[in-house]
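What follows is a short report on a single structure.
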Amino acid sequence: MTLLLCFSVGVFSIAQEAKENIDNANTYLDSKTVSIDKYTTKSQKIQQRLLKKLQRREAKLLKKLAAKDSAAYLRYVNQGISYDSIATLSKDTSYQQKLANKKNATIDSLKGVQRFIENQQSKLGGVTSIADKAGVNMPKQLGQLQEQLNGQQNIDKLISQRTASLESLAKSQDIKGMEGIQKDVYYAREKIRNWKKLTDEPDDAEAEALEWLQGTEGFDKYLKQDNNAFGGLGNDATAADLQKMGFQTKSSVNSMLQDKLGNSMNTVQQQMAGQIQQYTDKLGGVGEQINKVKDAAGKAKEAIGQGKDAIASAKETKDNLKNIEKPTFKKNPERGKPFMERLETQYSFNTSRASVDGLKPAMMDISASVGFKHTRKLTYGVGFGLSTGLGQNWQHLRISYEGITLRAYADWKWIYGFSFQAGYERSFRPGNRAYLSQNADPQNGNTPVTPEPSDNALKDAFRGQQQTAYMGIMKRYKISSKWNGTFMVGYNVLWRQEDMRTPFLIRFGWGSN
């Protein structure tokens, strides 16, 4: 009874582990296929936009060539490959389907995960096919994804070939216009590369599932491409495994011959051995002739080797000349990033003291900004802020609404975390605040007065305005891997015009890396 109970517990634990392996593998597979599907969709859109730009640029370049050298123009037009033909080919579904069977390391690894799931299902004794279990939640089958990935890579190669051809043409004919094509191709590839980088970053569920699977014995071998051999069993397949799959092994062949020849098996083997020996003796004489031929081939090989060295040297010289002759342009790494990757957020706050006359309370301004990284050093953006009154002092605290602020700024990064920042801000204050410069009475020595409220309360809430135009130095310091702290000291050039107490701004804040 105890032995039966232990056996049942063991079977249950194996089944439970297999079920958890299948669930985690399905999670990993679903997440990976969704991310790859997004990547292929984005990369194809980027390629299509690129090809439209290149078609227009190519037409302008060839128009210049036709005016300069009609013979060269006809030669390049009749080449058969152009950005226009590549664009047509990228939309040809029949051409894309021809690439479906081409090897792809990413898809091969996912097919390995499918085989792992199938292996785990066999432990459960399940009869449901892998396509029903793991493939039902996929946005597209792996074959379709493989076709799209291979198609995107093939179109990229064709674009490279056509671009290289036009570079040679522009150089030989001294025609300007290649720099625009080079920039378009470079930045499109950078965008695709960055999208690929985002695709390779696993989300939390995928990372957790992969961590579980990597701790499962035998999972890693399913991710290797070699496992595609022998029907997915890999190079570790045994003779028994191969025999079950229908492969002919040594033991199966011997068994078949034994059934057919019976007791004559030994006689046949002796006769075969004698014939093999006779052929071996004859081959001995042939071997001497082969050795002579090998000596002659060796000498020829040495001559070929010298020729290869000369070709390699010439190729190296050609590559060096190509690199020297290739036009260069100042690359902007930010242009190759997706739009959202070029945004950075900043949050800041600053306080100001209450006025001596008691008209203006102490205030705290809290703002949030979104900047667009034009280059690695230059960022410009917009922001929104809220001003809150705090009262006159600690003994007379009073929270009050003091308006909202809209701002625009530009930030130029230097070194060691320092940057120069300039900005303009306009604050919309409640119109009945006596500390506003527009509420001063010039006939009474610019004495502040409190205007009467109007019938429109919403208009009164934003009627008063204050301006700030500042320049300052900001220092960034690291808080964590995702956040930086900021400290800025600035000078407000409009402080006298707006009747502010001090021209200096001191702001603390934090922002994303």
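Letters A, B, ... mark the chains of the structure tokens in the order given; residue numbers begin at 1 per chain; ligand numbers begin at 1, in order shown.
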A:Arg501 surroundings by only C-alpha atoms, 10 Å radius, close-in-sequence under 6 positions cut, as number ranges by chain: A: 352-356, 495
Preceding selection exported with C-alpha atoms as a PDB file, in the first residue's frame:
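Contents of the output file again_36.pdb:
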ATOM      1  CA  SER A 352       9.523  81.782  -3.507  1.00  0.00           C
ATOM      2  CA  ARG A 353       9.282  83.864  -0.351  1.00  0.00           C
ATOM      3  CA  ALA A 354       6.304  86.024   0.586  1.00  0.00           C
ATOM      4  CA  SER A 355       6.517  89.757  -0.171  1.00  0.00           C
ATOM      5  CA  VAL A 356       7.321  92.154   2.653  1.00  0.00           C
ATOM      6  CA  TRP A 495      12.089  90.233 -13.015  1.00  0.00           C
TER       7      TRP A 495
END
May I have the residues within 10 Å of stretch 422-425 of chain A as a short mmCIF file (atom, residue, chain, number, x, y, z; two decimals) with C-alpha atoms, in the first residue's frame, using only C-alpha atoms and disregarding those fewer than 4 positions away in the same chain?
data_model
loop_
_atom_site.label_atom_id
_atom_site.label_comp_id
_atom_site.auth_asym_id
_atom_site.auth_seq_id
_atom_site.Cartn_x
_atom_site.Cartn_y
_atom_site.Cartn_z
CA TYR A 380 13.62 71.16 -26.55
CA GLY A 381 10.22 70.74 -25.01
CA VAL A 382 7.10 72.11 -23.36
CA GLY A 383 5.73 71.93 -19.86
CA PHE A 384 2.84 72.66 -17.53
CA GLY A 385 2.99 73.91 -13.95
CA THR A 405 2.03 78.07 -15.94
CA LEU A 406 2.86 77.10 -19.52
CA ARG A 407 6.50 76.89 -20.49
CA ALA A 408 8.80 76.17 -23.44
CA TYR A 409 12.49 75.47 -23.07
CA ALA A 410 15.67 74.31 -24.79
CA ASP A 411 18.47 72.40 -23.08
CA TRP A 412 22.03 72.09 -24.43
CA GLN A 466 3.14 87.00 -15.30
CA GLN A 467 6.08 86.30 -17.59
CA THR A 468 9.45 84.70 -16.99
CA ALA A 469 12.34 84.51 -19.45
CA TYR A 470 15.34 82.81 -17.95
CA MET A 471 18.79 81.43 -18.70
CA GLY A 472 20.54 79.06 -16.36
CA ILE A 473 22.95 76.24 -15.67
CA GLY A 490 18.91 80.61 -13.47
CA TYR A 491 18.49 84.33 -14.05
CA ASN A 492 15.10 85.86 -14.94
#
Top pick for closest residue to A:Gln121, considering A:Lys19, A:Asp365, A:Asp69, A:Ser165 and counting only C-alpha atoms: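 Using only C-alpha atoms, the shortest distance to A:Gln121 belongs to A:Lys19.
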Stretch 79-90 of chain A surroundings by only C-alpha atoms, 8 Å radius, close-in-sequence under 4 positions cut, as a count of residues only: 14
